Amino acid sequence: AQSVTQPDIHITVSEGASLELRCNYSYGATPYLFWYVQSPGQGLQLLLKYFSGDTLVQGIKGFEAEFKRSQSSFNLRKPSVHWSDAAEYFCAVVSPNRDDKIIFGKGTRLHILP
Amino acid sequence: DAMVIQNPRYQVTQFGKPVTLSCSQTLNHNVMYWYQQKSSQAPKLLFHYYDKDFNNEADTPDNFQSRRPNTSFCFLDIRSPGLGDAAMYLCATTGTSGVRGYNEQFFGPGTRLTVL
């Protein structure tokens, strides 16, 4: 069965520090991978996506993610976090069929220390 | 500029009192989704429309219904809300063109439902 695992429920980093959020997936075919961000009380915003090609993808707000097929991972990174990055982050896989259903991980809540 | 619009942003209803949440889109997408997201959880797909074809998830309670009168609008009806239905409800849309058949979903801002 398809699944997405985000092993860290909460992560706390200091403002200006680097960030890495982990994501592992289990999927039979070549996946489409995504990271979404959700600020409190808001909807989901797409940060970046991977379909194919270059395994290092750049997203909005200074985020990047690297697809590693051998590790079934798609970790999200940012070299220097800002207080405004405090939010919930969801890794997701899309099932590439007619319905394009998104399978979400359970999310990682990012806390920023001043 | 808004692409997926949800109204209202906050909805309060009473236990057992029917409530309708609204979603509209300016993208002319043919697929629309409704998700339920409870606090500190991932969004859970309730159902979706592919054009006029309604697709219910197997574990979506019968208490949840949906209507799609036209391409632009989709409604979520909760016939008898219980306390456990308090959540954020997210609408999303997608078109039918994209890389290798994938169609990116665009999410609305959500409606937060409170049940008293």
# chains A, B, ... in the order shown; residues from 1 in each chain; ligands from 1

call {"tool": "interface_residues", "arguments": {"of": "chain A", "to": "chain B", "cutoff": "10 Å", "atoms": "only C-alpha atoms", "output": "MDAnalysis selection string"}}
result
chainID A and resid 9 32 34 38 41:46 49 51:52 88:92 94:109

call {"tool": "select_by_dssp", "arguments": {"residues": "chain A", "states": "strand (DSSP E or B)", "output": "ChimeraX atom specification"}}
result
/A:3-5,10-14,19-21,24-26,32-38,45-50,56-58,64-68,73-78,87-94,102-104,108-113

call {"tool": "residues_around", "arguments": {"residues": "Leu21 (chain A)", "least_positions_apart": "4", "cutoff": "8 Å", "atoms": "only C-alpha atoms", "output": "short mmCIF file (atom, residue, chain, number, x, y, z; two decimals) with all heavy atoms, in the first residue's frame"}}
result
data_model
loop_
_atom_site.label_atom_id
_atom_site.label_comp_id
_atom_site.auth_asym_id
_atom_site.auth_seq_id
_atom_site.Cartn_x
_atom_site.Cartn_y
_atom_site.Cartn_z
N GLN A 6 6.41 10.77 7.75
CA GLN A 6 7.18 11.89 8.25
C GLN A 6 7.51 11.54 9.70
O GLN A 6 6.64 11.61 10.57
CB GLN A 6 6.36 13.18 8.15
CG GLN A 6 6.11 13.62 6.72
CD GLN A 6 5.31 14.90 6.65
OE1 GLN A 6 4.15 14.91 6.21
NE2 GLN A 6 5.90 16.00 7.06
N ASP A 8 9.15 12.88 12.09
CA ASP A 8 9.21 13.91 13.12
C ASP A 8 7.88 14.63 13.22
O ASP A 8 7.46 15.27 12.26
CB ASP A 8 10.32 14.92 12.81
CG ASP A 8 11.67 14.24 12.67
OD1 ASP A 8 12.05 13.52 13.61
OD2 ASP A 8 12.31 14.41 11.62
N ASN A 75 13.46 14.70 1.27
CA ASN A 75 13.62 15.59 2.42
C ASN A 75 13.61 17.05 2.00
O ASN A 75 14.18 17.43 0.98
CB ASN A 75 14.91 15.26 3.16
CG ASN A 75 14.89 13.89 3.80
OD1 ASN A 75 13.83 13.25 3.89
ND2 ASN A 75 16.04 13.41 4.24
N LEU A 76 13.00 17.83 2.84
CA LEU A 76 12.87 19.27 2.61
C LEU A 76 13.96 20.01 3.38
O LEU A 76 14.20 19.69 4.55
CB LEU A 76 11.49 19.75 3.06
CG LEU A 76 11.15 21.23 2.87
CD1 LEU A 76 10.96 21.55 1.38
CD2 LEU A 76 9.90 21.59 3.65
N ARG A 77 14.55 21.01 2.75
CA ARG A 77 15.64 21.74 3.41
C ARG A 77 15.49 23.24 3.20
O ARG A 77 14.90 23.70 2.21
CB ARG A 77 17.00 21.28 2.85
CG ARG A 77 17.29 19.82 3.06
CD ARG A 77 18.74 19.52 2.83
NE ARG A 77 19.14 19.75 1.44
CZ ARG A 77 19.49 18.78 0.59
NH1 ARG A 77 19.44 17.51 0.98
NH2 ARG A 77 19.88 19.06 -0.63
N THR A 108 4.69 17.56 9.86
CA THR A 108 5.70 17.95 10.85
C THR A 108 5.44 19.40 11.21
O THR A 108 5.39 20.26 10.32
CB THR A 108 7.12 17.81 10.30
OG1 THR A 108 7.39 16.44 9.99
CG2 THR A 108 8.14 18.31 11.33
#

call {"tool": "residues_around", "arguments": {"residues": "Pro79 (chain A)", "least_positions_apart": "6", "cutoff": "7 Å", "atoms": "only C-alpha atoms", "output": "compact mmCIF listing (two decimals) with all heavy atoms, in the first residue's frame"}}
result
# COMPACT_ATOMS: atom_id res chain seq x y z
N ALA A 17 18.95 29.24 11.74
CA ALA A 17 19.56 27.92 11.63
C ALA A 17 19.04 27.20 10.39
O ALA A 17 18.03 27.58 9.80
CB ALA A 17 19.26 27.10 12.88
N SER A 18 19.76 26.16 10.02
CA SER A 18 19.32 25.37 8.87
C SER A 18 18.25 24.37 9.30
O SER A 18 18.09 24.05 10.48
CB SER A 18 20.51 24.63 8.26
OG SER A 18 21.03 23.70 9.21
N LEU A 19 17.52 23.89 8.30
CA LEU A 19 16.38 23.02 8.56
C LEU A 19 16.38 21.85 7.60
O LEU A 19 16.68 22.01 6.40
CB LEU A 19 15.07 23.79 8.37
CG LEU A 19 13.78 22.98 8.38
CD1 LEU A 19 13.49 22.47 9.78
CD2 LEU A 19 12.62 23.83 7.86

call {"tool": "atom_distance", "arguments": {"atom1": "CA of Gln11 (chain B)", "atom2": "CA of Arg68 (chain B)"}}
result
20.2 Å

call {"tool": "atom_distance", "arguments": {"atom1": "CA of Ser14 (chain A)", "atom2": "CA of Ile112 (chain A)"}}
result
5.4 Å

call {"tool": "residues_around", "arguments": {"residues": "region 77-83 of chain B", "least_positions_apart": "2", "cutoff": "7 Å", "atoms": "only C-alpha atoms", "output": "list of chain:residue names"}}
result
B:Phe15, B:Gly16, B:Lys17, B:Pro18, B:Val19, B:Thr20, B:Leu21, B:Asn63, B:Phe64, B:Gln65, B:Ser66, B:Phe75, B:Asp85, B:Ala86, B:Val115

call {"tool": "residues_around", "arguments": {"residues": "Thr60 (chain B)", "least_positions_apart": "3", "cutoff": "8 Å", "atoms": "only C-alpha atoms", "output": "ChimeraX atom specification"}}
result
/B:46-47,56-57,64

call {"tool": "write_last_selection", "arguments": {"atoms": "N, CA and C atoms", "output": "CSV table (one decimal), in the first residue's frame"}}
result
chain,number,residue,atom,x,y,z
B,46,LEU,N,-12.6,13.1,1.5
B,46,LEU,CA,-14.0,12.7,1.7
B,46,LEU,C,-14.6,12.2,0.4
B,47,PHE,N,-14.5,13.0,-0.6
B,47,PHE,CA,-15.0,12.6,-2.0
B,47,PHE,C,-14.5,13.6,-3.0
B,56,ASN,N,-17.1,8.7,-4.0
B,56,ASN,CA,-17.1,8.8,-2.6
B,56,ASN,C,-16.0,7.9,-2.0
B,57,GLU,N,-15.3,8.3,-1.0
B,57,GLU,CA,-14.3,7.4,-0.4
B,57,GLU,C,-15.1,6.4,0.4
B,64,PHE,N,-22.2,12.9,5.3
B,64,PHE,CA,-21.6,13.9,4.4
B,64,PHE,C,-22.1,13.6,3.0

call {"tool": "atom_distance", "arguments": {"atom1": "CA of Ile60 (chain A)", "atom2": "CA of Leu113 (chain A)"}}
result
21.9 Å

call {"tool": "residues_around", "arguments": {"residues": "Asn28 (chain B)", "least_positions_apart": "5", "cutoff": "10 Å", "atoms": "only C-alpha atoms", "output": "VMD selection string"}}
result
chain B and resid 3 71 to 72 93 to 95

call {"tool": "write_last_selection", "arguments": {"atoms": "all heavy atoms", "output": "tab-separated table (two decimals), in the first residue's frame"}}
result
chain	number	residue	atom	x	y	z
B	3	MET	N	-8.26	31.83	-6.76
B	3	MET	CA	-8.53	30.74	-7.69
B	3	MET	C	-9.52	29.74	-7.12
B	3	MET	O	-10.39	29.26	-7.83
B	3	MET	CB	-7.22	30.08	-8.07
B	3	MET	CG	-6.28	31.02	-8.82
B	3	MET	SD	-4.78	30.20	-9.39
B	3	MET	CE	-3.97	29.89	-7.83
B	71	THR	N	-19.60	23.56	-13.16
B	71	THR	CA	-18.14	23.38	-13.09
B	71	THR	C	-17.52	24.19	-11.97
B	71	THR	O	-16.56	23.77	-11.33
B	71	THR	CB	-17.50	23.78	-14.43
B	71	THR	OG1	-18.02	22.95	-15.45
B	71	THR	CG2	-15.98	23.63	-14.38
B	72	SER	N	-18.07	25.37	-11.73
B	72	SER	CA	-17.42	26.32	-10.83
B	72	SER	C	-17.69	26.07	-9.35
B	72	SER	O	-16.91	26.48	-8.50
B	72	SER	CB	-17.84	27.75	-11.18
B	72	SER	OG	-17.48	28.06	-12.51
B	93	THR	N	-9.03	21.73	-6.35
B	93	THR	CA	-9.42	21.47	-7.74
B	93	THR	C	-8.20	21.07	-8.55
B	93	THR	O	-7.07	21.36	-8.19
B	93	THR	CB	-10.04	22.72	-8.39
B	93	THR	OG1	-8.98	23.67	-8.69
B	93	THR	CG2	-11.05	23.39	-7.50
B	94	THR	N	-8.49	20.40	-9.64
B	94	THR	CA	-7.42	20.06	-10.57
B	94	THR	C	-7.98	19.97	-11.97
B	94	THR	O	-9.16	19.66	-12.17
B	94	THR	CB	-6.73	18.73	-10.15
B	94	THR	OG1	-5.57	18.55	-10.93
B	94	THR	CG2	-7.65	17.56	-10.35
B	95	GLY	N	-7.11	20.25	-12.96
B	95	GLY	CA	-7.54	20.16	-14.34
B	95	GLY	C	-7.15	18.81	-14.92
B	95	GLY	O	-6.75	17.89	-14.21

call {"tool": "decode", "arguments": {"residues": "region 27-43 of chain A", "atoms": "all heavy atoms", "output": "CSV table (one decimal), in the first residue's frame"}}
result
chain,number,residue,atom,x,y,z
A,27,TYR,N,5.9,3.4,-2.4
A,27,TYR,CA,5.1,3.5,-3.5
A,27,TYR,C,5.6,2.6,-4.6
A,27,TYR,O,6.8,2.5,-4.8
A,27,TYR,CB,5.0,4.9,-4.0
A,27,TYR,CG,4.0,5.2,-5.0
A,27,TYR,CD1,2.6,5.2,-4.7
A,27,TYR,CD2,4.3,5.4,-6.3
A,27,TYR,CE1,1.6,5.4,-5.6
A,27,TYR,CE2,3.3,5.7,-7.3
A,27,TYR,CZ,2.0,5.6,-6.9
A,27,TYR,OH,1.0,5.9,-7.8
A,28,GLY,N,4.8,1.9,-5.3
A,28,GLY,CA,5.2,0.9,-6.3
A,28,GLY,C,5.8,1.5,-7.6
A,28,GLY,O,6.7,0.9,-8.1
A,29,ALA,N,5.3,2.6,-8.0
A,29,ALA,CA,5.7,3.1,-9.3
A,29,ALA,C,6.6,4.4,-9.0
A,29,ALA,O,6.8,4.8,-7.9
A,29,ALA,CB,4.5,3.5,-10.1
A,30,THR,N,7.1,5.0,-10.1
A,30,THR,CA,7.8,6.3,-9.9
A,30,THR,C,6.8,7.3,-9.4
A,30,THR,O,5.8,7.6,-10.0
A,30,THR,CB,8.3,6.7,-11.3
A,30,THR,OG1,9.2,5.7,-11.8
A,30,THR,CG2,9.1,8.0,-11.1
A,31,PRO,N,7.1,7.9,-8.2
A,31,PRO,CA,6.2,8.8,-7.6
A,31,PRO,C,6.3,10.2,-8.0
A,31,PRO,O,7.3,10.6,-8.6
A,31,PRO,CB,6.6,8.7,-6.1
A,31,PRO,CG,8.1,8.5,-6.2
A,31,PRO,CD,8.4,7.7,-7.4
A,32,TYR,N,5.2,10.9,-7.9
A,32,TYR,CA,5.2,12.3,-7.9
A,32,TYR,C,5.2,12.8,-6.4
A,32,TYR,O,4.4,12.4,-5.7
A,32,TYR,CB,4.0,12.9,-8.6
A,32,TYR,CG,3.8,12.4,-10.0
A,32,TYR,CD1,2.5,12.2,-10.5
A,32,TYR,CD2,4.9,12.0,-10.8
A,32,TYR,CE1,2.3,11.8,-11.8
A,32,TYR,CE2,4.7,11.5,-12.1
A,32,TYR,CZ,3.4,11.4,-12.6
A,32,TYR,OH,3.2,10.9,-13.9
A,33,LEU,N,6.1,13.7,-6.1
A,33,LEU,CA,6.3,14.0,-4.7
A,33,LEU,C,6.2,15.5,-4.5
A,33,LEU,O,6.5,16.3,-5.3
A,33,LEU,CB,7.7,13.6,-4.2
A,33,LEU,CG,8.0,12.1,-4.2
A,33,LEU,CD1,9.5,11.8,-4.3
A,33,LEU,CD2,7.4,11.5,-3.0
A,34,PHE,N,5.6,15.8,-3.3
A,34,PHE,CA,5.3,17.2,-3.0
A,34,PHE,C,5.6,17.6,-1.6
A,34,PHE,O,5.6,16.7,-0.7
A,34,PHE,CB,3.8,17.5,-3.3
A,34,PHE,CG,3.3,17.1,-4.6
A,34,PHE,CD1,3.0,15.8,-4.9
A,34,PHE,CD2,3.3,18.0,-5.6
A,34,PHE,CE1,2.6,15.4,-6.2
A,34,PHE,CE2,2.9,17.6,-6.9
A,34,PHE,CZ,2.5,16.3,-7.2
A,35,TRP,N,5.8,18.8,-1.3
A,35,TRP,CA,5.8,19.4,0.0
A,35,TRP,C,4.8,20.5,0.0
A,35,TRP,O,4.9,21.4,-0.9
A,35,TRP,CB,7.2,19.9,0.4
A,35,TRP,CG,8.1,18.8,1.0
A,35,TRP,CD1,9.0,18.2,0.3
A,35,TRP,CD2,8.1,18.3,2.3
A,35,TRP,NE1,9.6,17.3,1.2
A,35,TRP,CE2,9.1,17.4,2.4
A,35,TRP,CE3,7.3,18.6,3.5
A,35,TRP,CZ2,9.3,16.7,3.6
A,35,TRP,CZ3,7.6,17.9,4.6
A,35,TRP,CH2,8.6,17.0,4.7
A,36,TYR,N,3.9,20.5,1.0
A,36,TYR,CA,2.9,21.5,1.2
A,36,TYR,C,3.2,22.2,2.6
A,36,TYR,O,3.7,21.5,3.5
A,36,TYR,CB,1.5,21.0,1.2
A,36,TYR,CG,1.0,20.6,-0.1
A,36,TYR,CD1,1.1,19.4,-0.6
A,36,TYR,CD2,0.2,21.6,-0.8
A,36,TYR,CE1,0.6,19.0,-1.9
A,36,TYR,CE2,-0.3,21.2,-2.1
A,36,TYR,CZ,-0.1,19.9,-2.6
A,36,TYR,OH,-0.7,19.6,-3.8
A,37,VAL,N,2.9,23.5,2.7
A,37,VAL,CA,3.0,24.2,4.0
A,37,VAL,C,1.6,24.7,4.4
A,37,VAL,O,0.8,25.1,3.5
A,37,VAL,CB,4.0,25.3,3.9
A,37,VAL,CG1,3.7,26.4,2.9
A,37,VAL,CG2,4.2,25.9,5.3
A,38,GLN,N,1.3,24.6,5.6
A,38,GLN,CA,0.0,25.1,6.1
A,38,GLN,C,0.3,25.9,7.4
A,38,GLN,O,0.7,25.4,8.4
A,38,GLN,CB,-0.9,23.9,6.4
A,38,GLN,CG,-2.3,24.4,6.8
A,38,GLN,CD,-3.2,23.2,7.1
A,38,GLN,OE1,-2.8,22.1,7.6
A,38,GLN,NE2,-4.5,23.3,6.7
A,39,SER,N,0.0,27.2,7.2
A,39,SER,CA,0.1,28.1,8.4
A,39,SER,C,-1.2,27.9,9.2
A,39,SER,O,-2.2,27.5,8.7
A,39,SER,CB,0.2,29.6,7.9
A,39,SER,OG,1.4,29.7,7.2
A,40,PRO,N,-1.1,28.3,10.5
A,40,PRO,CA,-2.3,28.0,11.4
A,40,PRO,C,-3.6,28.6,10.8
A,40,PRO,O,-3.6,29.8,10.4
A,40,PRO,CB,-1.9,28.7,12.7
A,40,PRO,CG,-0.4,28.6,12.7
A,40,PRO,CD,0.0,28.8,11.2
A,41,GLY,N,-4.6,27.8,10.7
A,41,GLY,CA,-5.9,28.3,10.3
A,41,GLY,C,-6.0,28.5,8.8
A,41,GLY,O,-7.0,29.1,8.3
A,42,GLN,N,-5.0,28.1,8.0
A,42,GLN,CA,-5.0,28.4,6.6
A,42,GLN,C,-5.0,27.1,5.8
A,42,GLN,O,-4.9,26.0,6.3
A,42,GLN,CB,-3.7,29.2,6.2
A,42,GLN,CG,-3.5,30.5,6.9
A,42,GLN,CD,-4.6,31.5,6.6
A,42,GLN,OE1,-5.0,31.7,5.4
A,42,GLN,NE2,-5.2,32.1,7.6
A,43,GLY,N,-5.2,27.3,4.5
A,43,GLY,CA,-5.2,26.1,3.6
A,43,GLY,C,-3.8,25.7,3.3
A,43,GLY,O,-2.8,26.2,3.8
